[in-house]
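Notes to accompany the following structure.
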Number of protein chains: 2
Amino acid sequence: MSLVTETGEFNLIHRLASISSPYTKSPVIAGIGDDAAVFRTSPGMIQVATTDAFIEGYHFDLSFYQMDQVGYKAMVVNLSDIAAMNALPMLATVALGVPASYSIESLEDLYRGLAKAASENGVQIVGGDTTSSPVLMLSITVIGEVIESNIVYRGGARPGDSLFVSGSLGEAAMGLDLLRNEVDPSLLGNAVWENLVRRHLTPVPRLDLVRAWAREGIRPSALIDISDGLTSEVHHICSASDCGAILWESSLPLPVEVHTGTKEPRSPTDYALNGGDDYELLFTAMPDLLEGMSSDLFTEIGLITEKDVLIQRTDGTCEPLVAGGHDHFRPV
Amino acid sequence: MSLVTETGEFNLIHRLASISSPYTKSPVIAGIGDDAAVFRTSPGMIQVATTDAFIEGYHFDLSFYQMDQVGYKAMVVNLSDIAAMNALPMLATVALGVPASYSIESLEDLYRGLAKAASENGVQIVGGDTTSSPVLMLSITVIGEVIESNIVYRGGARPGDSLFVSGSLGEAAMGLDLLRNEVDPSLLGNAVWENLVRRHLTPVPRLDLVRAWAREGIRPSALIDISDGLTSEVHHICSASDCGAILWESSLPLPVEVHTGTKEPRSPTDYALNGGDDYELLFTAMPDLLEGMSSDLFTEIGLITEKDVLIQRTDGTCEPLVAGGHDHFRPV
């Protein structure tokens with residue numbers, strides 16, 4: 001085992017660069033190794049850039065994350081933000097703060113996770129910074145591109161649009177509770193346990209949906225990714241679009257009902273509404289716009305209205321949809 | 001005083017966004033407020049991107065940095081990397097990790113410093129992430145542009161080129177020693193003390209030189225910024241360019257000779273060679289290329305040779321130039 005303190009900064013950068021950037025391809029002209037990375041954008045496209053920090057003890061807990069999973073997820077949360085603009089990612093920079101007691105091998109595992117998430121999604125890691133810090137922290141910036149007329153903001157929803165969500169909701173938050181509460185996999189069945197935990201540890205950015213829309217010539221009217229929980233993101237779309245919404249509880253793509261070891265058992269609906277960390281896409285579109293697209297990709301879960309953000313419960317009653325997503329100033 | 005924990009993440013982002021982005025101008029189409037920032041690059045240009053982390057206790061010490069100085073310097077170190085590609089910066093994203101005990105007012109001061117460094121250099125802050133962390137940490141990504149034929153890498157130096165450095169060296173490291181050792185300003189004279197300390201706390205990215213070269217139609221052959229110390233950067237250029245260099249001690253733009261309170265007094269030459277944090281530009285060019293440019297902008301300090309990196313001392317003797325720049329795995 002080699003400690004980062006013994007290897008030295010430049011050797012470390014060299015070792016990590018060999019993992020993260022085995023090839024140079026368009027649009028990257030020069031990657032890791034100079035003062036900045038050099039790249040070329042495409043004519044007729046506009047560019048998008050997003051940054052997310054991923055900090056030990058706040059965004060992840062090393063008692064149940066493997067190092068490669070930390071790297072994988074830190075990259076995915078940024079790729080999901082690019083998908084949420086209806087864009088495709090091109091390249092990423094990674095700033096890494098690491099306690100001096102870490103081994104080089106553990107950092108190589110971290111970089112393998114970063115590189116896996118990047119290469120699975122057509123992204124090249126082109127540079128960054130590696131330094132000491134009191135806890136493990138990653139700050140990733142991803143730059144992507146989209147044809148200008150295809151970009152989708154949060155603020156484009158209009159009354160009469162339908163509200164859709166990709167995939168299923170709440171499983172990632174259930175997986176986190178299983179891990180935190182050390183629930184034995186055999187209590188749920190290994191396959192169920194593994195699916196829920198995988199949804200938390202290694203989420204998938206829904207770039208497949210962005211690609212499908214591009215193929216079909218479809219553009220949603222508003223689009224956001226679900227990081228803080230469905231309720232919170234519905235409010236973001238309504239606030240940015242100056243409109244309301246009604247969500248149908250009976251239509252939500254709920255997780256399976258399992259006991260996740262929490263003291264107060266949480267319902268599948270609560271997990272779906274307020275769980276967070278789903279990295280699914282929430283979007284609005286004219287109701288007939290998506291006819292003909294595969295229905296396994298998304299579910300219609302409500303309507304955009306003039307005002308008020310409501311949920312219609314399965315018993316038919318309506319009530320305000322109260323935001324319960326997590327605040328980043330509350331530790332995990 | 002309001003604590004960040006009481007304000008909530010979205011209010012905080014709103015308050016900070018109002019400081020950092022008072023206007024929207026080209027090339028930015030949409031800044032803070034969506035999943036990613038949207039911008040447009042210019043036809044015929046290539047883009048550069050750099051990321052640097054700036055972490056309390058490793059890169060700065062809050063016992064002598066004001067919060068606005070932390071923000072200012074964190075931005076400058078990134079802008080300096082853009083200058084080191086012979087490019088001009090366009091926009092920046094800021095990931096901010098902040099202990100929950102901090103006041104909103106102190107974060108507003110931090111953002112004022114970030115915004116000042118950005119606006120002084122034509123940069124717009126377009127987004128980022130604000131989250132909890134155990135110590136104050138900033139990770140900034142800056143994206144810039146340059147005409148493709150004007151980009152300058154580290155690896156372009158050729159034997160026969162002259163070696164130049166902008167401004168003066170070693171003052172920032174002297175300033176740091178004055179602060180660390182709590183040297184009384186009156187011992188040096190207030191003006192001297194203040195100049196040295198200012199060089200450390202609020203360095204200036206040498207984009208003026210990039211602009212001057214563009215005006216004069218001049219392109220250096222190799223270019224790097226001095227963050228870790230002149231010696232270290234000369235080695236980087238020689239290694240990337242597969243060449244050697246000879247540095248003339250007598251030509252170095254040295255700081256004034258003052259006692260900085262270190263136990264082993266350090267010479268002005270040692271500060272200039274190994275001090276670091278100068279954020280001046282080190283570059284190579286054909287000897288006659290820079291004729292006619294103002295000589296206050298830079299000094300010729302040596303020559304590029306076939307091999308070996310040497311220093312010719314003021315007494316005429318030559319010896320290997322031994323790298324003594326600081327390693328980022330050593331705390332400040």
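Following the order of the structure tokens, first chain is A, next is B, and so on, with residues numbered from 1 inside each chain and ligands from 1 in the order they appear.
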
Using only C-alpha atoms, which residues sit within 9 Å of Leu289 (chain B) once same-chain residues fewer than 3 positions away are excluded, as a PyMOL selection string? chain B and resi 218-220+285-286+292

Go ahead and write the selection's residues with N, CA and C atoms as a short mmCIF file (atom, residue, chain, number, x, y, z; two decimals), in the first residue's frame.
```cif
data_model
loop_
_atom_site.label_atom_id
_atom_site.label_comp_id
_atom_site.auth_asym_id
_atom_site.auth_seq_id
_atom_site.Cartn_x
_atom_site.Cartn_y
_atom_site.Cartn_z
N ILE B 218 1.73 38.59 -31.08
CA ILE B 218 2.86 37.79 -30.59
C ILE B 218 2.35 36.52 -29.94
N ARG B 219 3.05 35.40 -30.18
CA ARG B 219 2.69 34.15 -29.54
C ARG B 219 3.95 33.52 -28.94
N PRO B 220 4.03 33.43 -27.59
CA PRO B 220 5.16 32.74 -26.96
C PRO B 220 5.20 31.28 -27.42
N ALA B 285 10.27 32.38 -25.74
CA ALA B 285 10.03 32.96 -27.06
C ALA B 285 11.36 33.14 -27.75
N MET B 286 11.35 33.22 -29.09
CA MET B 286 12.55 33.59 -29.83
C MET B 286 13.03 34.94 -29.28
N GLY B 292 10.27 45.68 -28.68
CA GLY B 292 9.22 46.67 -28.89
C GLY B 292 8.12 46.59 -27.85
#
```

Per DSSP on the backbone, what are the helix (DSSP H, G or I) residues of region 244-332 of chain B, as a VMD selection string? chain B and resid 249 to 251 268 to 274

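For the set A:Leu297, A:Val48, A:Ile29, A:Leu178, the residue with the smallest atom-to-atom gap to chain B is A:Val48, counting only C-alpha atoms.
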
Measuring atom to atom with only C-alpha atoms, identify which of A:Asp161, A:Glu233, A:Asp277, A:Glu145 is nearest to Ala173 (chain A).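 Of A:Asp161, A:Glu233, A:Asp277, A:Glu145, the one nearest Ala173 (chain A), counting only C-alpha atoms, is A:Asp277.
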
Residues within 10 Å of region 299-316 of chain A, please, as a CSV table (one decimal) with all heavy atoms, in the first residue's frame. Count only C-alpha atoms; anything in the same chain fewer than 4 positions from it doesn't count.
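Below is the file part.csv, written as the result:
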```csv
chain,number,residue,atom,x,y,z
A,157,ALA,N,-43.1,25.0,-18.5
A,157,ALA,CA,-44.4,24.2,-18.4
A,157,ALA,C,-45.5,25.2,-18.6
A,157,ALA,O,-45.5,26.4,-18.2
A,157,ALA,CB,-44.4,23.6,-17.0
A,158,ARG,N,-46.6,24.7,-19.2
A,158,ARG,CA,-47.8,25.6,-19.5
A,158,ARG,C,-49.0,24.8,-19.0
A,158,ARG,O,-49.1,23.5,-19.2
A,158,ARG,CB,-47.9,25.9,-21.0
A,158,ARG,CG,-46.8,26.8,-21.5
A,158,ARG,CD,-46.8,28.2,-20.9
A,158,ARG,NE,-45.6,29.0,-21.2
A,158,ARG,CZ,-44.6,29.1,-20.4
A,158,ARG,NH1,-44.6,28.6,-19.2
A,158,ARG,NH2,-43.5,29.8,-20.7
A,159,PRO,N,-50.1,25.5,-18.5
A,159,PRO,CA,-51.3,24.8,-18.1
A,159,PRO,C,-51.8,23.9,-19.3
A,159,PRO,O,-51.9,24.4,-20.4
A,159,PRO,CB,-52.2,25.9,-17.7
A,159,PRO,CG,-51.3,27.1,-17.3
A,159,PRO,CD,-50.1,26.9,-18.2
A,160,GLY,N,-52.2,22.7,-18.9
A,160,GLY,CA,-52.7,21.8,-20.0
A,160,GLY,C,-51.6,20.8,-20.3
A,160,GLY,O,-52.0,19.7,-20.9
A,161,ASP,N,-50.3,21.1,-20.0
A,161,ASP,CA,-49.3,20.1,-20.3
A,161,ASP,C,-49.5,18.9,-19.3
A,161,ASP,O,-50.0,19.1,-18.2
A,161,ASP,CB,-47.9,20.7,-20.0
A,161,ASP,CG,-47.4,21.6,-21.1
A,161,ASP,OD1,-48.0,21.7,-22.1
A,161,ASP,OD2,-46.3,22.2,-20.9
A,162,SER,N,-49.1,17.7,-19.7
A,162,SER,CA,-49.0,16.6,-18.8
A,162,SER,C,-47.7,16.6,-18.1
A,162,SER,O,-46.7,17.1,-18.6
A,162,SER,CB,-49.2,15.3,-19.6
A,162,SER,OG,-50.6,15.2,-20.0
A,163,LEU,N,-47.7,15.9,-16.9
A,163,LEU,CA,-46.5,15.8,-16.1
A,163,LEU,C,-46.0,14.4,-16.2
A,163,LEU,O,-46.8,13.5,-15.9
A,163,LEU,CB,-46.8,16.3,-14.7
A,163,LEU,CG,-45.7,16.4,-13.7
A,163,LEU,CD1,-44.7,17.5,-14.1
A,163,LEU,CD2,-46.3,16.8,-12.3
A,164,PHE,N,-44.8,14.2,-16.5
A,164,PHE,CA,-44.2,12.8,-16.6
A,164,PHE,C,-43.0,12.6,-15.8
A,164,PHE,O,-42.3,13.6,-15.5
A,164,PHE,CB,-43.8,12.5,-18.1
A,164,PHE,CG,-44.9,12.7,-19.1
A,164,PHE,CD1,-45.2,13.9,-19.7
A,164,PHE,CD2,-45.7,11.6,-19.5
A,164,PHE,CE1,-46.2,14.0,-20.6
A,164,PHE,CE2,-46.7,11.7,-20.4
A,164,PHE,CZ,-47.0,12.9,-21.0
A,165,VAL,N,-42.8,11.3,-15.4
A,165,VAL,CA,-41.5,11.0,-14.7
A,165,VAL,C,-40.9,9.8,-15.4
A,165,VAL,O,-41.7,8.9,-15.7
A,165,VAL,CB,-41.7,10.9,-13.2
A,165,VAL,CG1,-42.5,9.6,-12.8
A,165,VAL,CG2,-40.3,10.9,-12.5
A,166,SER,N,-39.6,9.7,-15.5
A,166,SER,CA,-39.0,8.5,-16.0
A,166,SER,C,-38.8,7.5,-14.9
A,166,SER,O,-38.8,7.8,-13.7
A,166,SER,CB,-37.6,8.9,-16.6
A,166,SER,OG,-36.7,9.3,-15.6
A,167,GLY,N,-38.7,6.2,-15.3
A,167,GLY,CA,-38.4,5.1,-14.4
A,167,GLY,C,-39.3,5.0,-13.2
A,167,GLY,O,-40.5,5.2,-13.3
A,168,SER,N,-38.7,4.7,-12.0
A,168,SER,CA,-39.5,4.5,-10.8
A,168,SER,C,-38.8,5.4,-9.7
A,168,SER,O,-37.6,5.7,-9.8
A,168,SER,CB,-39.5,3.1,-10.4
A,168,SER,OG,-38.2,2.5,-10.3
A,231,THR,N,-41.4,15.8,-4.9
A,231,THR,CA,-42.2,17.0,-4.5
A,231,THR,C,-41.4,18.3,-4.7
A,231,THR,O,-41.9,19.3,-5.3
A,231,THR,CB,-42.5,16.9,-3.0
A,231,THR,OG1,-43.3,15.7,-2.8
A,231,THR,CG2,-43.3,18.0,-2.5
A,234,VAL,N,-41.2,19.2,-8.4
A,234,VAL,CA,-42.5,19.7,-9.0
A,234,VAL,C,-42.6,21.1,-8.6
A,234,VAL,O,-43.0,22.0,-9.5
A,234,VAL,CB,-43.7,18.8,-8.5
A,234,VAL,CG1,-45.0,19.5,-8.9
A,234,VAL,CG2,-43.6,17.4,-9.0
A,235,HIS,N,-42.3,21.5,-7.4
A,235,HIS,CA,-42.4,22.9,-7.0
A,235,HIS,C,-41.4,23.7,-7.8
A,235,HIS,O,-41.7,24.9,-8.1
A,235,HIS,CB,-42.1,23.0,-5.5
A,235,HIS,CG,-43.3,22.7,-4.6
A,235,HIS,ND1,-44.3,23.7,-4.4
A,235,HIS,CD2,-43.8,21.6,-4.0
A,235,HIS,CE1,-45.3,23.2,-3.7
A,235,HIS,NE2,-45.0,21.9,-3.4
A,237,ILE,N,-40.3,23.3,-10.9
A,237,ILE,CA,-40.9,23.5,-12.2
A,237,ILE,C,-42.1,24.5,-12.1
A,237,ILE,O,-42.1,25.4,-12.9
A,237,ILE,CB,-41.4,22.2,-12.8
A,237,ILE,CG1,-40.2,21.4,-13.4
A,237,ILE,CG2,-42.4,22.4,-14.0
A,237,ILE,CD1,-40.5,20.1,-14.2
A,238,CYS,N,-42.9,24.4,-11.1
A,238,CYS,CA,-44.1,25.3,-11.1
A,238,CYS,C,-43.7,26.7,-10.8
A,238,CYS,O,-44.2,27.6,-11.3
A,238,CYS,CB,-45.1,24.7,-10.0
A,238,CYS,SG,-45.9,23.2,-10.5
A,239,SER,N,-42.7,26.8,-9.9
A,239,SER,CA,-42.2,28.2,-9.5
A,239,SER,C,-41.5,28.8,-10.7
A,239,SER,O,-41.8,30.0,-11.1
A,239,SER,CB,-41.3,28.0,-8.3
A,239,SER,OG,-40.6,29.2,-8.1
A,241,SER,N,-42.0,28.1,-13.8
A,241,SER,CA,-43.0,28.2,-15.0
A,241,SER,C,-44.2,29.1,-14.6
A,241,SER,O,-45.0,29.3,-15.4
A,241,SER,CB,-43.5,26.9,-15.4
A,241,SER,OG,-42.4,26.0,-15.7
A,242,ASP,N,-44.2,29.6,-13.3
A,242,ASP,CA,-45.4,30.4,-12.9
A,242,ASP,C,-46.7,29.7,-13.1
A,242,ASP,O,-47.6,30.2,-13.8
A,242,ASP,CB,-45.3,31.8,-13.5
A,242,ASP,CG,-46.2,32.8,-12.8
A,242,ASP,OD1,-46.5,32.5,-11.6
A,242,ASP,OD2,-46.6,33.8,-13.4
A,243,CYS,N,-46.8,28.4,-12.7
A,243,CYS,CA,-48.0,27.7,-12.9
A,243,CYS,C,-48.2,26.7,-11.7
A,243,CYS,O,-47.4,26.7,-10.7
A,243,CYS,CB,-47.9,26.9,-14.2
A,243,CYS,SG,-46.6,25.6,-14.2
A,244,GLY,N,-49.3,26.0,-11.7
A,244,GLY,CA,-49.5,25.0,-10.7
A,244,GLY,C,-49.5,23.6,-11.2
A,244,GLY,O,-49.1,23.4,-12.4
A,245,ALA,N,-49.8,22.6,-10.4
A,245,ALA,CA,-49.8,21.2,-10.9
A,245,ALA,C,-50.7,20.4,-10.0
A,245,ALA,O,-50.9,20.7,-8.8
A,245,ALA,CB,-48.4,20.6,-10.9
A,246,ILE,N,-51.2,19.3,-10.6
A,246,ILE,CA,-51.9,18.3,-9.7
A,246,ILE,C,-51.2,17.0,-10.0
A,246,ILE,O,-51.0,16.6,-11.2
A,246,ILE,CB,-53.4,18.3,-9.9
A,246,ILE,CG1,-54.0,17.3,-9.0
A,246,ILE,CG2,-53.8,18.0,-11.4
A,246,ILE,CD1,-55.5,17.5,-8.7
A,247,LEU,N,-50.8,16.3,-9.0
A,247,LEU,CA,-50.1,15.0,-9.0
A,247,LEU,C,-51.1,14.0,-8.6
A,247,LEU,O,-51.8,14.1,-7.7
A,247,LEU,CB,-49.0,15.1,-8.0
A,247,LEU,CG,-47.7,14.5,-8.3
A,247,LEU,CD1,-47.0,15.3,-9.5
A,247,LEU,CD2,-46.8,14.5,-7.1
A,248,TRP,N,-51.1,12.9,-9.4
A,248,TRP,CA,-52.1,11.8,-9.0
A,248,TRP,C,-51.3,10.7,-8.3
A,248,TRP,O,-50.4,10.0,-8.9
A,248,TRP,CB,-52.6,11.1,-10.3
A,248,TRP,CG,-53.2,12.2,-11.2
A,248,TRP,CD1,-54.0,13.2,-10.9
A,248,TRP,CD2,-53.1,12.2,-12.7
A,248,TRP,NE1,-54.4,13.9,-12.0
A,248,TRP,CE2,-53.8,13.3,-13.1
A,248,TRP,CE3,-52.4,11.4,-13.6
A,248,TRP,CZ2,-53.9,13.6,-14.5
A,248,TRP,CZ3,-52.5,11.7,-14.9
A,248,TRP,CH2,-53.2,12.8,-15.4
A,249,GLU,N,-51.6,10.5,-7.0
A,249,GLU,CA,-50.9,9.5,-6.2
A,249,GLU,C,-51.0,8.1,-6.8
A,249,GLU,O,-50.0,7.4,-6.9
A,249,GLU,CB,-51.4,9.5,-4.8
A,249,GLU,CG,-50.7,8.5,-3.9
A,249,GLU,CD,-51.2,8.4,-2.4
A,249,GLU,OE1,-52.2,9.1,-2.1
A,249,GLU,OE2,-50.6,7.7,-1.6
A,250,SER,N,-52.2,7.8,-7.4
A,250,SER,CA,-52.4,6.5,-7.9
A,250,SER,C,-51.6,6.2,-9.2
A,250,SER,O,-51.4,5.0,-9.5
A,250,SER,CB,-53.9,6.3,-8.3
A,250,SER,OG,-54.3,7.3,-9.3
A,251,SER,N,-51.0,7.2,-9.8
A,251,SER,CA,-50.2,7.0,-11.0
A,251,SER,C,-48.7,7.0,-10.7
A,251,SER,O,-47.9,6.7,-11.6
A,251,SER,CB,-50.4,8.2,-12.0
A,251,SER,OG,-51.8,8.1,-12.4
A,252,LEU,N,-48.3,7.3,-9.5
A,252,LEU,CA,-46.9,7.3,-9.2
A,252,LEU,C,-46.2,6.0,-9.4
A,252,LEU,O,-46.7,5.0,-8.9
A,252,LEU,CB,-46.6,7.8,-7.7
A,252,LEU,CG,-47.0,9.3,-7.4
A,252,LEU,CD1,-46.8,9.5,-5.9
A,252,LEU,CD2,-46.2,10.2,-8.2
A,253,PRO,N,-45.1,5.9,-10.0
A,253,PRO,CA,-44.3,4.7,-10.1
A,253,PRO,C,-43.6,4.3,-8.8
A,253,PRO,O,-42.5,4.7,-8.6
A,253,PRO,CB,-43.3,4.9,-11.3
A,253,PRO,CG,-43.1,6.4,-11.2
A,253,PRO,CD,-44.4,7.1,-10.7
A,282,LEU,N,-38.0,14.5,-14.5
A,282,LEU,CA,-39.4,15.0,-14.3
A,282,LEU,C,-39.5,16.0,-15.5
A,282,LEU,O,-38.7,16.9,-15.6
A,282,LEU,CB,-39.5,15.7,-13.0
A,282,LEU,CG,-40.9,16.3,-12.7
A,282,LEU,CD1,-42.0,15.3,-12.6
A,282,LEU,CD2,-40.8,17.2,-11.5
A,283,PHE,N,-40.6,15.8,-16.3
A,283,PHE,CA,-40.8,16.7,-17.4
A,283,PHE,C,-42.2,16.9,-17.8
A,283,PHE,O,-43.1,16.2,-17.3
A,283,PHE,CB,-40.0,16.2,-18.6
A,283,PHE,CG,-40.3,14.8,-19.1
A,283,PHE,CD1,-41.2,14.6,-20.2
A,283,PHE,CD2,-39.8,13.7,-18.4
A,283,PHE,CE1,-41.5,13.3,-20.6
A,283,PHE,CE2,-40.1,12.4,-18.9
A,283,PHE,CZ,-41.0,12.2,-19.9
A,284,THR,N,-42.5,17.9,-18.5
A,284,THR,CA,-43.8,18.3,-19.0
A,284,THR,C,-43.8,18.3,-20.5
A,284,THR,O,-42.8,18.6,-21.1
A,284,THR,CB,-44.3,19.6,-18.4
A,284,THR,OG1,-43.4,20.7,-18.9
A,284,THR,CG2,-44.2,19.7,-16.9
A,285,ALA,N,-45.0,18.0,-21.0
A,285,ALA,CA,-45.2,18.0,-22.5
A,285,ALA,C,-46.6,18.1,-22.8
A,285,ALA,O,-47.5,17.7,-22.0
A,285,ALA,CB,-44.5,16.8,-23.1
A,286,MET,N,-47.0,18.5,-24.0
A,286,MET,CA,-48.4,18.4,-24.5
A,286,MET,C,-48.8,17.0,-24.4
A,286,MET,O,-47.9,16.1,-24.8
A,286,MET,CB,-48.5,18.9,-25.9
A,286,MET,CG,-48.1,20.4,-26.1
A,286,MET,SD,-49.3,21.5,-25.5
A,286,MET,CE,-50.5,21.4,-26.8
A,287,PRO,N,-50.0,16.7,-24.0
A,287,PRO,CA,-50.3,15.3,-23.7
A,287,PRO,C,-50.1,14.3,-24.9
A,287,PRO,O,-49.7,13.2,-24.7
A,287,PRO,CB,-51.8,15.3,-23.4
A,287,PRO,CG,-52.1,16.7,-23.0
A,287,PRO,CD,-51.1,17.6,-23.7
A,295,SER,N,-43.6,3.2,-23.5
A,295,SER,CA,-44.1,3.6,-22.3
A,295,SER,C,-43.3,3.0,-21.1
A,295,SER,O,-43.6,3.4,-19.9
A,295,SER,CB,-45.6,3.1,-22.1
A,295,SER,OG,-45.6,1.7,-22.2
A,320,PRO,N,-52.7,20.1,-0.6
A,320,PRO,CA,-51.5,20.8,-1.1
A,320,PRO,C,-50.3,19.7,-1.1
A,320,PRO,O,-50.2,18.9,-0.1
A,320,PRO,CB,-51.2,21.9,-0.1
A,320,PRO,CG,-52.6,22.2,0.5
A,320,PRO,CD,-53.3,20.9,0.5
A,321,LEU,N,-49.5,19.8,-2.1
A,321,LEU,CA,-48.3,19.0,-2.1
A,321,LEU,C,-47.2,19.7,-1.3
A,321,LEU,O,-46.7,20.7,-1.8
A,321,LEU,CB,-47.8,18.7,-3.5
A,321,LEU,CG,-46.6,17.8,-3.8
A,321,LEU,CD1,-46.9,16.4,-3.4
A,321,LEU,CD2,-46.1,17.9,-5.2
A,322,VAL,N,-46.9,19.2,-0.1
A,322,VAL,CA,-45.9,19.9,0.7
A,322,VAL,C,-44.5,19.4,0.5
A,322,VAL,O,-44.2,18.2,0.5
A,322,VAL,CB,-46.3,19.7,2.2
A,322,VAL,CG1,-45.3,20.5,3.1
A,322,VAL,CG2,-47.7,20.2,2.4
A,323,ALA,N,-43.6,20.4,0.2
A,323,ALA,CA,-42.2,20.0,-0.1
A,323,ALA,C,-41.6,19.4,1.1
A,323,ALA,O,-41.6,19.9,2.2
A,323,ALA,CB,-41.4,21.3,-0.5
```

Grab the CA of Glu105 (chain A) to CA of Leu16 (chain A) distance for me, in Å with one decimal place.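 Distance between the two atoms: 10.0 Å.
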
Taking only C-alpha atoms into account, which residues of chain A are within 7 Å of chain B, as an MDAnalysis selection string? chainID A and resid 5 8:9 34:40 46:53 55 58 81:82 84:85 93 95 100 127:129 131:133 139 141 153:154 224 327:329

For the strand (DSSP E) assignment from backbone DSSP, which residues of region 120-313 of chain B qualify? Please present them as a PyMOL selection string. chain B and resi 124-132+137-147+162-166+222-225+244-248+281-285+298-305+309-312

Restricting the calculation to only C-alpha atoms, which member of B:Leu187, B:Met293, B:Leu230, B:Ile125 is positioned closest to Gly261 (chain B)?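 For Gly261 (chain B), the nearest of the candidates is B:Leu187.
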
Separation of CA of Asp61 (chain B) and CA of Ala191 (chain B), in Å?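 Separation between CA of Asp61 (chain B) and CA of Ala191 (chain B): 22.7 Å.
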
Atom pair CA of Met90 (chain A) + CA of Ser119 (chain B), distance 27.4 Å

Using only C-alpha atoms, pick whichever of A:Lys73, A:Leu176, A:Asn181, A:Asn86 has the shortest atom-to-atom distance to Arg211 (chain A).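 That would be A:Asn86, the residue with the smallest distance to Arg211 (chain A).
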
I'd like the contact shell of Val197 (chain B) - 7 Å cut-off, only C-alpha atoms, skipping same-chain residues fewer than 2 positions apart - returned as a VMD selection string. chain B and resid 172 175 to 176 193 to 195 199 to 201
